[in-house]
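These notes are about the structure you will find just below.
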Amino acid sequence: MTVRRKYRWAFGIVVGLWLPCVAFGAAPADLVVTGGRIYTAPGKPLAEALAARGGRIVYVGTNDGASAFLGPRTRREDAGGRLVIPGLADTHIHPLDIVDLDVCDLDSRPMPLKALAEFVAGCLKKYRTPPGKRLVVHEWNYTGGNQPDAERPTLRAALDQVSTTVEIELLGNDAHHAAFNSLGLSQARNAQGAIVGISKATLATDFAAYSKLIGVDAQGEPNGAVNEDARYTINPHSMLYTELEATLKVAERIPERLNSVGITAMLDAMAAPDGQPVYDRLLARHQLTVRTTLAQFYDPARFRRGDGDIDWAAMVAQAEASRAKYAGNPLIAADTVKLFADGVLEGNPYAVPPTLPNGALLEPLLQPIFGTDASGHATVLGYVDTASETCLAVRSEPERFTTRDAIDAFTRARGFHPGQCQISRGQLQHERAVILEFARRFHLAGFNLHIHVLGDRAARTAIDAIEAARAADGNSSTRDALAHLQLVHPDDLKRIGRDKLFVAFTYAWAEADPEYDLTVIPFIQKVSGNSYESLHAPGSYYESNAYPFRGARDAGAILTAGSDAPVETRDPRPFVNMARALTRHLPGEPALNAGQTITIEDVLAAYTINGARLLGRDREIGTLEVGKSADFVELDRDILALAGAQRFEEIAGTRVLGTWFQGRRVYRAAVTP
């Protein structure tokens, strides 16, 4: 059956389905939309028209049927045959960081260290940062570019070339990585609050707990990379909300940007208390045109008392106070909490020794020996045998390999750095017991869990925590979710489905990108060189189990969609995500396991009704049905027809022509076709 025939069939039966909703002498509607292809819900036929009164839908059906709702004050919209879909729900986004501000911004462009230093120097000149202050550089691409050279062998050296009197911080475009110059590193505070700086000496003492999170050079000195919680020792605002004061002044830009891409509902995936004034201002000014769920974020590490124990009661009390603050608010709910199970799966092949990923994995990370190819890109030359007598000796007597002479002699003789004899499975963000207790405490307090998961061990731990929490409170109906799920063992995928967990995938991340792949895959499975064929061998563990869209769906998980903006880009780009869900490849490039693609119906459900379910709002949004809020979007192209014709890449270029929220138009494209 062709797409066109499908539509004729749909319009033919829609009269019979919707005409009973029309009452003789029906009260006039505030808004009537006619002449559209209206996607009402997954599995339902398309309609031609809808009518709304008081912000809610009062009719969905045919053009003729909608005429009964016309009155002298009714606003009429002609959709001109274009596709209309429900408002989209982004279930994992950091909205307070998607606003374009006048800041030093790399915009995720990959650069070798020489070009990076030149760019940062330009920012230093433009923003006139005085000595002793900090220049923050946003959207640094930590997995693309960053090739060293003789003058700039490390990130630290490159940033020191820019300035030794101004602190410089690169903020990774994933909110997990950062890099500092020497002056920035020197400002690190230890657990007692004293400024001791990060150095080889303090990495062995004050900051030993962060040793896996801080990059070092061949001699064990910090190379500038400071990741995850280690960033807090230098800048407590290194994760998000770094420009909160500036964002507060232009708060209205947040819903404007979201509405411009069709988003009318969202989950703020890391809502710290200091971000609430932004929402309060939007509410006070009646500018919040996006239904919002706050996934409140409280870091257990910051609730440790002097005796080392976590003050769970204080943490839960803060969350309960925020939940109560917004209780009954029609636009904001704070009934969810966020937890990080692990960090990220990217290492640094250009560091010596290579920096290992810190995401939590079931199997020990491999130790690839990297070189560079003729184009200057990283390539895998071989692997260290960590079970060899050589490595056993290094691990048994690490003090023998701390001096420059000893390290250089070992490297010349063996062809790899002695630091590559270490064995690591990455690490959980918190001890397993803490993760389980966090889940238990907040479940008992009536909160839903939203857990960041990238590695397969983190996935297993998060599922264990959710299952134990549900057993503790006897409630299996909570809207618990896993975000990202970059790598998951097949056994745990079955558990996710059995437990009916929500999964907030960022579909645009499922792609084969050689430069990115070299920061992840060689540490997980053996590859040779840097070719697609080696990195993506059919049946290999990563290829089979990375971002398992179809596997999660088939297991019974509830797929939703989260952009994670501003990660990689401040644009929530829902239609790029949709296109990638259907292809799992960049235009013109091979796929990352094409067997894990899903359908346009799947991804539309993820962005609409499933997203509404995760937010606990499926009775009011997620489909275009009588009684629900009139939140809908008009598109410049028919993504259903494009998918039916397998023109998937054209979906990525979809533009939103108009967005309506509660029956009111909140966005209109500057130019319409």
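Residue numbering restarts at 1 in every chain; chains get A, B, ... in the order shown in the structure tokens, and ligands count up from 1 in that same order.
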
Write down as an mmCIF file with C-alpha atoms, in the first residue's frame the residues belonging to segment 519-656 of chain A that are assigned helix (DSSP H, G or I) by DSSP computed on the backbone.
data_model
loop_
_atom_site.group_PDB
_atom_site.id
_atom_site.type_symbol
_atom_site.label_atom_id
_atom_site.label_comp_id
_atom_site.auth_asym_id
_atom_site.auth_seq_id
_atom_site.Cartn_x
_atom_site.Cartn_y
_atom_site.Cartn_z
ATOM 1 C CA ILE A 521 36.000 1.207 21.106
ATOM 2 C CA PRO A 522 39.738 0.293 21.325
ATOM 3 C CA PHE A 523 39.454 0.349 25.116
ATOM 4 C CA ILE A 524 36.538 -2.110 25.061
ATOM 5 C CA TYR A 532 35.505 1.319 10.046
ATOM 6 C CA GLU A 533 35.816 -2.407 9.379
ATOM 7 C CA SER A 534 38.062 -2.912 12.387
ATOM 8 C CA LEU A 535 36.159 -0.630 14.733
ATOM 9 C CA TYR A 541 30.427 -6.561 21.719
ATOM 10 C CA TYR A 542 30.291 -2.808 21.190
ATOM 11 C CA GLU A 543 28.753 -3.038 17.739
ATOM 12 C CA SER A 544 26.029 -5.355 19.001
ATOM 13 C CA ASN A 545 25.173 -3.615 22.261
ATOM 14 C CA PHE A 549 17.094 1.103 20.285
ATOM 15 C CA ARG A 550 15.326 -1.863 18.753
ATOM 16 C CA GLY A 551 16.556 -4.294 21.385
ATOM 17 C CA ALA A 552 15.155 -2.114 24.169
ATOM 18 C CA ARG A 553 11.849 -1.705 22.338
ATOM 19 C CA ASP A 554 11.503 -5.412 21.669
ATOM 20 C CA ALA A 555 12.383 -6.263 25.272
ATOM 21 C CA PRO A 574 14.444 16.649 17.459
ATOM 22 C CA PHE A 575 14.213 15.895 13.744
ATOM 23 C CA VAL A 576 17.921 15.093 13.493
ATOM 24 C CA ASN A 577 17.340 12.668 16.354
ATOM 25 C CA MET A 578 14.375 11.171 14.531
ATOM 26 C CA ALA A 579 16.345 10.690 11.317
ATOM 27 C CA ARG A 580 19.242 9.068 13.155
ATOM 28 C CA ALA A 581 16.883 6.677 14.941
ATOM 29 C CA LEU A 582 15.831 5.420 11.514
ATOM 30 C CA THR A 583 19.342 5.144 10.021
ATOM 31 C CA ALA A 594 21.795 -0.896 11.388
ATOM 32 C CA GLY A 595 19.954 -3.803 12.994
ATOM 33 C CA GLN A 596 19.137 -1.507 15.923
ATOM 34 C CA ILE A 600 9.098 6.493 12.387
ATOM 35 C CA GLU A 601 6.101 5.366 14.446
ATOM 36 C CA ASP A 602 8.445 4.282 17.249
ATOM 37 C CA VAL A 603 10.353 7.529 17.385
ATOM 38 C CA LEU A 604 7.213 9.669 17.096
ATOM 39 C CA ALA A 605 5.757 7.739 20.017
ATOM 40 C CA ALA A 606 9.018 8.340 21.918
ATOM 41 C CA TYR A 607 8.695 12.092 21.357
ATOM 42 C CA ILE A 609 2.874 9.809 24.104
ATOM 43 C CA ASN A 610 5.806 7.938 25.670
ATOM 44 C CA GLY A 611 7.447 11.196 26.643
ATOM 45 C CA ALA A 612 4.169 12.344 28.162
ATOM 46 C CA ARG A 613 3.984 9.099 30.124
ATOM 47 C CA LEU A 614 7.480 9.563 31.540
ATOM 48 C CA ILE A 639 7.988 13.063 7.824
ATOM 49 C CA LEU A 640 5.629 10.076 7.647
ATOM 50 C CA ALA A 641 5.698 10.099 3.863
ATOM 51 C CA LEU A 642 9.469 10.611 3.820
ATOM 52 C CA ALA A 643 9.940 7.630 6.108
ATOM 53 C CA GLY A 644 7.588 5.554 3.983
ATOM 54 C CA PHE A 648 15.182 9.299 6.009
ATOM 55 C CA GLU A 649 17.883 11.944 5.765
ATOM 56 C CA GLU A 650 15.358 14.531 4.581
ATOM 57 C CA ILE A 651 13.618 14.213 7.937
#

Quick one: everything within 8 Å of Thr74 of chain A, counting only C-alpha atoms, minus sequence neighbours fewer than 3 positions away in the same chain. Send it as a short mmCIF file (atom, residue, chain, number, x, y, z; two decimals) with C-alpha atoms, in the first residue's frame.
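Saved the output as result.cif:
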data_model
loop_
_atom_site.label_atom_id
_atom_site.label_comp_id
_atom_site.auth_asym_id
_atom_site.auth_seq_id
_atom_site.Cartn_x
_atom_site.Cartn_y
_atom_site.Cartn_z
CA PRO A 28 -17.86 28.02 19.01
CA ALA A 29 -14.21 27.14 19.44
CA ASP A 30 -11.41 29.61 20.07
CA LEU A 31 -9.32 27.96 17.35
CA VAL A 32 -10.11 25.79 14.35
CA LEU A 70 -16.80 28.16 13.88
CA GLY A 71 -18.02 31.37 15.42
#

- Find the distance between atom CA of Val520 of chain A and atom CA of Gly382 of chain A and write it in Å to one decimal. 15.4 Å

- Top pick for closest residue to Ala178 of chain A, considering A:Cys123, A:Val136, A:Ala194, A:Val453 and counting only C-alpha atoms: A:Val136

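Of the listed residues (A:Val137, A:Tyr210, A:Asp149, A:His452), A:His452 comes nearest to Phe297 of chain A; the distances count only C-alpha atoms.
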
- Item | DSSP-assigned strand (DSSP E) among segment 315-546 of chain A, expressed as an MDAnalysis selection string | chainID A and resid 332:340 368:372 378:383 448:453 481:484 502:505

Export N, CA and C atoms of the chosen residues as an mmCIF file, in the first residue's frame?
data_model
loop_
_atom_site.group_PDB
_atom_site.id
_atom_site.type_symbol
_atom_site.label_atom_id
_atom_site.label_comp_id
_atom_site.auth_asym_id
_atom_site.auth_seq_id
_atom_site.Cartn_x
_atom_site.Cartn_y
_atom_site.Cartn_z
ATOM 1 N N ILE A 332 4.747 23.088 36.126
ATOM 2 C CA ILE A 332 5.998 22.560 36.671
ATOM 3 C C ILE A 332 5.711 21.508 37.732
ATOM 4 N N ALA A 333 6.430 20.401 37.648
ATOM 5 C CA ALA A 333 6.416 19.377 38.683
ATOM 6 C C ALA A 333 7.858 19.079 39.065
ATOM 7 N N ALA A 334 8.059 18.705 40.317
ATOM 8 C CA ALA A 334 9.410 18.394 40.803
ATOM 9 C C ALA A 334 9.385 17.054 41.519
ATOM 10 N N ASP A 335 8.809 16.057 40.848
ATOM 11 C CA ASP A 335 8.591 14.751 41.469
ATOM 12 C C ASP A 335 9.618 13.701 41.067
ATOM 13 N N THR A 336 10.739 14.133 40.504
ATOM 14 C CA THR A 336 11.762 13.222 39.997
ATOM 15 C C THR A 336 13.122 13.658 40.517
ATOM 16 N N VAL A 337 14.020 12.706 40.719
ATOM 17 C CA VAL A 337 15.386 13.040 41.129
ATOM 18 C C VAL A 337 16.367 12.412 40.152
ATOM 19 N N LYS A 338 17.503 13.078 39.998
ATOM 20 C CA LYS A 338 18.548 12.658 39.058
ATOM 21 C C LYS A 338 19.725 12.063 39.825
ATOM 22 N N LEU A 339 20.292 10.999 39.262
ATOM 23 C CA LEU A 339 21.496 10.411 39.827
ATOM 24 C C LEU A 339 22.412 9.985 38.697
ATOM 25 N N PHE A 340 23.705 10.185 38.873
ATOM 26 C CA PHE A 340 24.707 9.678 37.939
ATOM 27 C C PHE A 340 25.178 8.315 38.434
ATOM 28 N N PRO A 368 45.225 -0.061 24.750
ATOM 29 C CA PRO A 368 45.740 0.047 23.380
ATOM 30 C C PRO A 368 47.014 0.880 23.313
ATOM 31 N N ILE A 369 47.876 0.514 22.397
ATOM 32 C CA ILE A 369 49.067 1.302 22.095
ATOM 33 C C ILE A 369 48.742 2.112 20.845
ATOM 34 N N PHE A 370 48.692 3.433 20.992
ATOM 35 C CA PHE A 370 48.286 4.305 19.897
ATOM 36 C C PHE A 370 49.502 4.914 19.192
ATOM 37 N N GLY A 371 49.317 5.178 17.925
ATOM 38 C CA GLY A 371 50.238 5.984 17.145
ATOM 39 C C GLY A 371 49.408 6.932 16.308
ATOM 40 N N THR A 372 50.016 7.539 15.310
ATOM 41 C CA THR A 372 49.272 8.399 14.401
ATOM 42 C C THR A 372 49.496 7.923 12.972
ATOM 43 N N ALA A 378 44.725 9.416 15.259
ATOM 44 C CA ALA A 378 45.115 8.294 16.102
ATOM 45 C C ALA A 378 44.825 6.975 15.402
ATOM 46 N N THR A 379 45.666 6.003 15.653
ATOM 47 C CA THR A 379 45.470 4.662 15.117
ATOM 48 C C THR A 379 46.031 3.674 16.125
ATOM 49 N N VAL A 380 45.476 2.472 16.140
ATOM 50 C CA VAL A 380 45.889 1.461 17.111
ATOM 51 C C VAL A 380 46.997 0.603 16.516
ATOM 52 N N LEU A 381 48.143 0.587 17.204
ATOM 53 C CA LEU A 381 49.298 -0.183 16.749
ATOM 54 C C LEU A 381 49.361 -1.561 17.385
ATOM 55 N N GLY A 382 48.794 -1.706 18.555
ATOM 56 C CA GLY A 382 48.836 -2.975 19.268
ATOM 57 C C GLY A 382 48.242 -2.814 20.650
ATOM 58 N N TYR A 383 48.459 -3.792 21.505
ATOM 59 C CA TYR A 383 47.894 -3.774 22.852
ATOM 60 C C TYR A 383 48.924 -4.228 23.872
ATOM 61 N N ASN A 448 10.297 9.651 41.531
ATOM 62 C CA ASN A 448 10.734 8.850 40.401
ATOM 63 C C ASN A 448 12.240 9.027 40.240
ATOM 64 N N LEU A 449 12.892 8.014 39.686
ATOM 65 C CA LEU A 449 14.339 8.049 39.502
ATOM 66 C C LEU A 449 14.683 8.257 38.038
ATOM 67 N N HIS A 450 15.660 9.122 37.788
ATOM 68 C CA HIS A 450 16.171 9.362 36.440
ATOM 69 C C HIS A 450 17.685 9.210 36.535
ATOM 70 N N ILE A 451 18.215 8.096 35.996
ATOM 71 C CA ILE A 451 19.605 7.727 36.255
ATOM 72 C C ILE A 451 20.433 7.779 34.975
ATOM 73 N N HIS A 452 21.506 8.559 35.017
ATOM 74 C CA HIS A 452 22.480 8.641 33.931
ATOM 75 C C HIS A 452 23.272 7.346 33.888
ATOM 76 N N VAL A 453 23.273 6.685 32.722
ATOM 77 C CA VAL A 453 23.955 5.411 32.548
ATOM 78 C C VAL A 453 24.641 5.392 31.194
ATOM 79 N N ALA A 481 13.567 5.905 35.031
ATOM 80 C CA ALA A 481 14.156 5.985 33.689
ATOM 81 C C ALA A 481 15.665 5.857 33.739
ATOM 82 N N LEU A 482 16.199 5.298 32.658
ATOM 83 C CA LEU A 482 17.634 5.278 32.407
ATOM 84 C C LEU A 482 17.905 6.212 31.238
ATOM 85 N N ALA A 483 18.893 7.073 31.392
ATOM 86 C CA ALA A 483 19.229 8.018 30.329
ATOM 87 C C ALA A 483 20.490 7.565 29.611
ATOM 88 N N HIS A 484 20.471 7.647 28.299
ATOM 89 C CA HIS A 484 21.604 7.416 27.387
ATOM 90 C C HIS A 484 21.799 5.941 27.039
ATOM 91 N N PHE A 502 11.576 3.256 31.565
ATOM 92 C CA PHE A 502 11.710 4.223 30.484
ATOM 93 C C PHE A 502 13.185 4.334 30.121
ATOM 94 N N VAL A 503 13.466 4.521 28.841
ATOM 95 C CA VAL A 503 14.834 4.766 28.391
ATOM 96 C C VAL A 503 14.835 6.035 27.553
ATOM 97 N N ALA A 504 15.577 7.037 28.016
ATOM 98 C CA ALA A 504 15.686 8.316 27.300
ATOM 99 C C ALA A 504 16.936 8.266 26.433
ATOM 100 N N PHE A 505 16.769 7.784 25.207
ATOM 101 C CA PHE A 505 17.881 7.729 24.264
ATOM 102 C C PHE A 505 18.106 9.090 23.612
#

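Of the residues under consideration (A:Ser260, A:Gln187, A:Ser182, A:Ser108), A:Ser260 shows the shortest atom-to-atom contact distance to Ala669 of chain A when counting only C-alpha atoms.
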
- Note on the structure: Between atom CA of Glu245 of chain A and atom CA of Phe180 of chain A lies a distance of 22.9 Å

- For segment 92-106 of chain A, list every protein, DNA or RNA residue within 6 Å, evaluated using only C-alpha atoms, and leave out those in the same chain fewer than 3 positions away; present the list as an MDAnalysis selection string. chainID A and resid 109 123 137:140 267:269 562:566 570

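With atom CA of Glu48 of chain A on one side and atom CA of Ser67 of chain A on the other, the separation reads 11.8 Å.
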
- Message: Need to verify the contact set: Gly193 of chain A, 12 Å, only C-alpha atoms, exclusion of same-chain residues closer than 5 positions in sequence. Can you return it as a PyMOL selection string?
- Response: chain A and resi 187-188+206+232-234
